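Shown next: my_file.txt, given as compact mmCIF, C-alpha atoms.
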```
# COMPACT_ATOMS: atom_id res chain seq x y z
CA MET Q 1 89.35 100.48 101.15
CA HIS Q 2 92.51 98.62 102.10
CA LYS Q 3 95.23 99.96 104.31
CA ALA Q 4 98.72 100.46 103.02
CA ILE Q 5 101.39 99.00 105.28
CA PHE Q 6 104.46 101.17 105.57
CA THR Q 7 107.80 99.94 106.83
CA PRO Q 8 110.37 102.72 106.96
CA ASP Q 9 113.96 101.80 107.55
CA GLU Q 10 115.75 105.03 108.23
CA THR Q 11 119.15 103.44 108.67
CA LYS Q 12 118.97 101.96 105.17
CA ALA Q 13 116.97 104.93 103.90
CA THR Q 14 114.28 102.73 102.44
CA LEU Q 15 110.55 102.78 102.71
CA THR Q 16 108.52 99.67 101.90
CA ILE Q 17 104.84 99.93 101.09
CA GLU Q 18 102.52 96.94 100.84
CA ARG Q 19 99.00 97.34 99.57
CA HIS Q 20 96.20 94.98 98.50
CA PHE Q 21 93.89 95.74 95.57
CA ASP Q 22 90.62 93.97 94.79
CA ALA Q 23 91.52 93.55 91.14
CA PRO Q 24 93.33 91.02 88.98
CA ARG Q 25 97.04 91.47 88.56
CA ALA Q 26 96.73 92.38 84.85
CA LYS Q 27 94.61 95.41 85.71
CA VAL Q 28 96.83 96.61 88.54
CA TRP Q 29 99.80 96.24 86.21
CA ALA Q 30 98.04 98.19 83.46
CA ALA Q 31 97.18 101.02 85.87
CA HIS Q 32 100.87 101.31 86.74
CA THR Q 33 102.25 101.13 83.23
CA GLN Q 34 99.86 102.97 80.88
CA SER Q 35 100.03 106.75 81.05
CA GLU Q 36 96.33 107.37 80.35
CA LEU Q 37 95.57 105.21 83.41
CA LEU Q 38 98.44 106.56 85.53
CA GLU Q 39 97.13 110.07 85.02
CA GLN Q 40 93.90 109.07 86.69
CA TRP Q 41 95.40 108.15 90.05
CA TRP Q 42 99.03 109.18 90.32
CA ALA Q 43 98.65 112.74 91.63
CA PRO Q 44 96.93 113.26 94.97
CA LEU Q 45 93.86 115.46 94.49
CA PRO Q 46 93.57 118.33 93.72
CA TRP Q 47 96.81 117.81 91.80
CA LYS Q 48 96.72 116.11 88.42
CA ALA Q 49 99.41 114.27 86.50
CA VAL Q 50 99.70 115.33 82.85
CA THR Q 51 101.84 113.32 80.44
CA LYS Q 52 104.26 114.85 77.97
CA THR Q 53 105.84 111.60 76.78
CA HIS Q 54 105.56 108.01 77.94
CA ASP Q 55 107.39 104.93 76.74
CA PHE Q 56 107.10 101.95 79.02
CA ARG Q 57 110.11 99.75 78.31
CA GLU Q 58 113.51 99.22 79.88
CA GLY Q 59 115.40 102.43 79.20
CA GLY Q 60 112.13 104.22 78.46
CA HIS Q 61 110.55 106.94 80.54
CA TRP Q 62 107.48 108.83 81.69
CA HIS Q 63 107.90 112.59 81.44
CA TYR Q 64 104.98 114.38 83.06
CA TYR Q 65 104.06 117.27 85.27
CA MET Q 66 102.01 117.61 88.38
CA SER Q 67 99.45 120.29 87.74
CA GLY Q 68 98.50 122.11 90.93
CA PRO Q 69 95.37 123.95 92.05
CA ASN Q 70 97.12 127.32 91.61
CA SER Q 71 98.38 126.40 88.12
CA GLU Q 72 101.70 125.13 89.53
CA LYS Q 73 103.66 122.81 87.26
CA GLU Q 74 106.14 120.40 88.82
CA TRP Q 75 107.88 118.49 86.05
CA CYS Q 76 108.85 114.91 86.87
CA PHE Q 77 110.69 112.14 85.11
CA VAL Q 78 110.57 108.39 85.64
CA SER Q 79 113.24 106.31 83.97
CA TYR Q 80 112.24 102.63 83.72
CA SER Q 81 114.40 99.56 84.27
CA ASP Q 82 114.17 95.85 85.14
CA ILE Q 83 110.72 95.25 83.65
CA GLN Q 84 109.23 91.79 84.01
CA PRO Q 85 105.60 92.02 82.81
CA GLU Q 86 103.05 91.65 85.59
CA VAL Q 87 105.81 90.70 88.04
CA ARG Q 88 107.92 93.79 88.73
CA PHE Q 89 109.49 96.92 87.38
CA SER Q 90 111.91 99.49 88.71
CA GLY Q 91 112.54 103.10 88.07
CA ASP Q 92 114.37 106.25 88.99
CA ASP Q 93 112.27 109.31 89.78
CA TYR Q 94 113.52 112.82 89.64
CA PHE Q 95 112.35 116.38 89.23
CA CYS Q 96 113.19 118.02 85.92
CA ASP Q 97 112.20 120.81 83.56
CA ASP Q 98 109.79 120.74 80.62
CA GLU Q 99 112.56 119.30 78.44
CA GLY Q 100 113.24 116.49 80.88
CA LYS Q 101 116.55 117.95 82.06
CA LYS Q 102 117.21 116.76 85.60
CA ASN Q 103 117.03 119.26 88.43
CA ASP Q 104 120.33 118.58 90.17
CA ALA Q 105 119.29 120.49 93.29
CA MET Q 106 116.90 117.66 94.05
CA PRO Q 107 117.83 114.05 94.72
CA SER Q 108 116.58 111.22 92.55
CA MET Q 109 114.80 108.28 94.05
CA HIS Q 110 115.15 104.65 93.07
CA TRP Q 111 112.29 102.24 93.62
CA LYS Q 112 111.02 98.80 92.72
CA THR Q 113 107.41 97.67 92.59
CA GLU Q 114 106.45 94.00 92.71
CA PHE Q 115 103.06 92.57 91.78
CA LEU Q 116 101.82 89.41 93.51
CA GLU Q 117 98.59 87.50 92.99
CA GLU Q 118 96.84 86.75 96.23
CA ALA Q 119 93.38 85.74 97.44
CA GLY Q 120 90.83 88.29 96.26
CA GLY Q 121 93.17 90.26 94.07
CA THR Q 122 96.67 91.59 93.88
CA LYS Q 123 99.29 92.71 96.35
CA ILE Q 124 101.90 95.24 95.39
CA ILE Q 125 105.11 95.73 97.31
CA SER Q 126 106.98 98.94 96.60
CA THR Q 127 110.44 99.53 97.91
CA ILE Q 128 111.74 103.07 97.70
CA VAL Q 129 115.45 103.57 98.18
CA LEU Q 130 116.32 107.03 99.36
CA PRO Q 131 119.88 108.22 98.88
CA SER Q 132 120.29 109.79 102.34
CA LYS Q 133 118.32 111.09 105.28
CA GLU Q 134 118.95 114.62 104.11
CA ASP Q 135 117.60 113.79 100.67
CA LEU Q 136 114.61 112.13 102.24
CA GLU Q 137 113.69 115.43 103.84
CA LYS Q 138 114.05 117.20 100.50
CA ILE Q 139 111.79 114.76 98.73
CA LEU Q 140 109.26 114.93 101.51
CA SER Q 141 109.08 118.69 101.42
CA MET Q 142 108.16 118.30 97.76
CA GLY Q 143 105.64 115.60 98.60
CA MET Q 144 104.19 117.87 101.22
CA GLN Q 145 103.41 120.39 98.57
CA GLU Q 146 101.69 117.81 96.41
CA GLY Q 147 99.69 116.72 99.38
CA TYR Q 148 98.58 120.26 100.14
CA THR Q 149 94.91 119.71 100.81
CA MET Q 150 95.31 116.50 102.68
CA ALA Q 151 98.12 117.80 104.83
CA LEU Q 152 96.31 120.90 105.98
CA ASN Q 153 94.39 119.47 108.90
CA GLN Q 154 97.30 117.54 110.23
CA LEU Q 155 99.67 120.43 109.91
CA GLU Q 156 97.28 122.75 111.67
CA GLU Q 157 97.17 120.29 114.51
CA ILE Q 158 100.96 120.16 114.73
CA LEU Q 159 101.28 123.92 114.69
CA SER Q 160 98.71 124.40 117.42
CA LYS Q 161 100.74 122.27 119.84
CA MET M 162 97.23 132.53 107.74
CA GLN M 163 100.27 130.65 108.92
CA LEU M 164 99.60 127.52 106.87
CA ASP M 165 99.30 129.41 103.63
CA LEU M 166 102.61 131.07 104.34
CA ILE M 167 104.26 127.74 105.02
CA PHE M 168 102.97 126.17 101.85
CA HIS M 169 103.78 129.22 99.82
CA SER M 170 107.31 129.11 101.25
CA LEU M 171 107.70 125.46 100.42
CA SER M 172 106.35 125.84 96.90
CA ASP M 173 109.69 127.17 95.74
CA ILE M 174 112.62 124.87 95.16
CA THR M 175 115.25 127.40 96.26
CA ARG M 176 113.45 128.08 99.52
CA ARG M 177 113.10 124.38 100.19
CA ASP M 178 116.80 124.06 99.60
CA ILE M 179 117.63 126.97 101.91
CA LEU M 180 115.46 125.45 104.59
CA ARG M 181 117.16 122.11 104.21
CA ARG M 182 120.58 123.72 104.60
CA VAL M 183 119.74 125.71 107.71
CA ALA M 184 117.90 122.75 109.24
CA HIS M 185 121.24 121.01 109.04
CA GLU M 186 123.17 123.88 110.60
CA ASP M 187 122.90 127.62 111.22
CA GLN M 188 124.41 129.66 108.40
CA PRO M 189 125.26 133.27 107.63
CA ILE M 190 123.16 134.65 104.76
CA LYS M 191 126.37 135.26 102.85
CA THR M 192 127.32 131.58 102.99
CA LEU M 193 123.84 130.55 101.88
CA ALA M 194 123.82 133.00 99.00
CA ALA M 195 127.04 131.51 97.63
CA HIS M 196 125.17 128.27 96.81
CA TYR M 197 122.79 129.86 94.35
CA ALA M 198 122.96 131.63 91.03
CA LEU M 199 120.91 134.47 92.44
CA THR M 200 121.77 137.95 93.63
CA PHE M 201 122.21 138.52 97.34
CA ALA M 202 118.98 140.55 97.25
CA GLY M 203 117.20 137.63 95.60
CA ILE M 204 118.32 135.27 98.35
CA ALA M 205 117.41 137.82 101.02
CA LYS M 206 113.92 137.92 99.56
CA HIS M 207 113.59 134.14 99.77
CA ILE M 208 114.82 134.26 103.34
CA HIS M 209 112.28 136.91 104.17
CA VAL M 210 109.48 134.67 102.84
CA LEU M 211 110.74 131.78 104.96
CA GLU M 212 111.03 134.04 107.98
CA LYS M 213 107.49 135.34 107.55
CA ALA M 214 106.25 131.76 107.58
CA ARG M 215 108.24 131.23 110.80
CA LEU M 216 110.15 128.43 109.17
CA ILE M 217 113.46 130.11 109.94
CA LYS M 218 114.85 132.71 112.33
CA LYS M 219 117.48 135.37 111.79
CA ARG M 220 119.88 136.75 114.35
CA LYS M 221 122.79 139.17 114.27
CA SER M 222 126.30 138.07 115.04
CA GLY M 223 128.70 140.96 114.68
CA ARG M 224 128.16 142.23 111.16
CA GLU M 225 126.71 138.96 109.94
CA GLN M 226 123.16 137.77 109.87
CA ILE M 227 122.82 134.13 110.87
CA VAL M 228 119.90 132.06 109.64
CA SER M 229 118.66 129.10 111.65
CA ALA M 230 115.72 126.73 111.37
CA ASN M 231 112.78 127.37 113.64
CA THR M 232 112.35 124.47 116.06
CA GLU M 233 108.76 124.17 114.89
CA THR M 234 110.14 123.30 111.49
CA ILE M 235 112.16 120.51 113.01
CA ARG M 236 109.02 119.08 114.50
CA LEU M 237 107.37 119.37 111.11
CA SER M 238 110.16 117.57 109.37
CA GLN M 239 109.81 114.74 111.84
CA LYS M 240 106.24 114.46 110.64
CA HIS M 241 107.27 114.44 106.99
CA LEU M 242 107.54 110.72 106.64
CA GLU M 243 104.05 110.32 108.03
CA ARG M 244 102.75 112.85 105.59
CA TYR M 245 104.50 111.21 102.67
CA GLN M 246 102.81 107.98 103.66
CA GLU M 247 99.48 109.78 103.57
CA ILE M 248 100.18 111.00 100.07
CA LEU M 249 100.96 107.47 98.96
CA ALA M 250 97.90 106.13 100.75
CA CYS M 251 95.79 108.76 99.00
CA ARG M 252 97.28 107.74 95.68
CA TYR M 253 96.39 104.13 96.28
CA ASN M 254 92.85 105.01 97.29
CA GLN M 255 92.53 106.75 93.93
CA LEU M 256 93.93 103.64 92.27
CA ASP M 257 91.22 101.59 94.02
CA GLN M 258 88.60 103.77 92.40
CA LEU M 259 90.19 103.50 88.98
CA LEU M 260 90.51 99.70 89.21
CA HIS M 261 86.87 99.54 90.17
CA LYS M 262 85.95 101.38 86.96
CA MET M 263 88.27 99.35 84.69
```
Rewrite the coordinates I just gave you, this time as structure tokens.
Amino acid sequence: MHKAIFTPDETKATLTIERHFDAPRAKVWAAHTQSELLEQWWAPLPWKAVTKTHDFREGGHWHYYMSGPNSEKEWCFVSYSDIQPEVRFSGDDYFCDDEGKKNDAMPSMHWKTEFLEEAGGTKIISTIVLPSKEDLEKILSMGMQEGYTMALNQLEEILSK
Amino acid sequence: MQLDLIFHSLSDITRRDILRRVAHEDQPIKTLAAHYALTFAGIAKHIHVLEKARLIKKRKSGREQIVSANTETIRLSQKHLERYQEILACRYNQLDQLLHKM
């Protein structure tokens, strides 16, 4: 298992993630761009990503929901842009309803993912641009919910202090 | 259990939004309620859920009730970025497994 390297830049409200995968670039690309593959890794367990519609092209989108352990449904939308096959693609993420209508109470998030061949596999570099520090906290409180199981131990530790 | 209450509180988008607002600055319930298309009673209910989870505190100021973030929450929010990174790391570990199968 490889470690992800995180570089947050709070002043610019960006978070950069670098991660190595022991697989050829074509496979890592496929796992990021085909919904039947995305569904298998995108949601942190026990959550599951379920696709409504997916169209991977510039101007296309992935409309899906995160299905939670207590039958929660969090609808999400990814709007794709700047696609260069096996090199990079960008997108805007936001929360929406089952029709894909944006939830304006929540900020959207712009990101870019780059794919680089390197010894033994592929490196991806993801840069997430967050609109503001306030919005970062909003998004994270949503992420916290998705990460329910995993966050439990750590949170318990924090609360006991 | 405290954790269940916290997660239950945060599972609702309106409550997350209320929490975000009061984390920024203390606010009378009346001011908060004006932001949402809900009845005052509806908002009061959300606030009660947040209060039960100790995410916020209420105090009286004259005839108004002022809502503020619990300092514990502030500490939690400072840990958010870390937790987000864990979620992403978890995602990528799942991707490892998928790539291995492909």
Closest atom pairs, chain M residues within 6 Å of chain Q, only C-alpha atoms, as JSON lines:
```
{"residue": "M:His241", "atom": "CA", "partner": "Q:Leu140", "partner_atom": "CA", "distance": 5.9}
{"residue": "M:Ile248", "atom": "CA", "partner": "Q:Gly147", "partner_atom": "CA", "distance": 5.8}
{"residue": "M:Arg252", "atom": "CA", "partner": "Q:Pro44", "partner_atom": "CA", "distance": 5.6}
{"residue": "M:Gln255", "atom": "CA", "partner": "Q:Trp41", "partner_atom": "CA", "distance": 5.0}
{"residue": "M:Leu256", "atom": "CA", "partner": "Q:Trp41", "partner_atom": "CA", "distance": 5.2}
```
Margin query: Need to verify the contact set: Leu216 (chain M), 7 Å, all atoms listed in the file, exclusion of same-chain residues closer than 4 positions in sequence. Can you return it as a ChimeraX atom specification?
Written below: /M:211-212,230-231,234
Check: Looking at M:Tyr253, M:Arg181, M:Leu259, M:Leu171, which one is nearest to Ser229 (chain M), with distances taken over all atoms listed in the file?
Finding: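 Closest to Ser229 (chain M) of all the choices is M:Arg181.
Counting from CA of Ile179 (chain M), the distance to CA of Ala214 (chain M) is 13.6 Å.
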Item checked: Gap from CA of Ala205 (chain M) to CA of Asp173 (chain M) - Å, one decimal -> 14.2 Å
Notebook entry, point to check: Separation of CA of His54 (chain Q) and CA of Glu39 (chain Q), in Å?
Noted result: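 Going from CA of His54 (chain Q) over to CA of Glu39 (chain Q), I get 11.2 Å.
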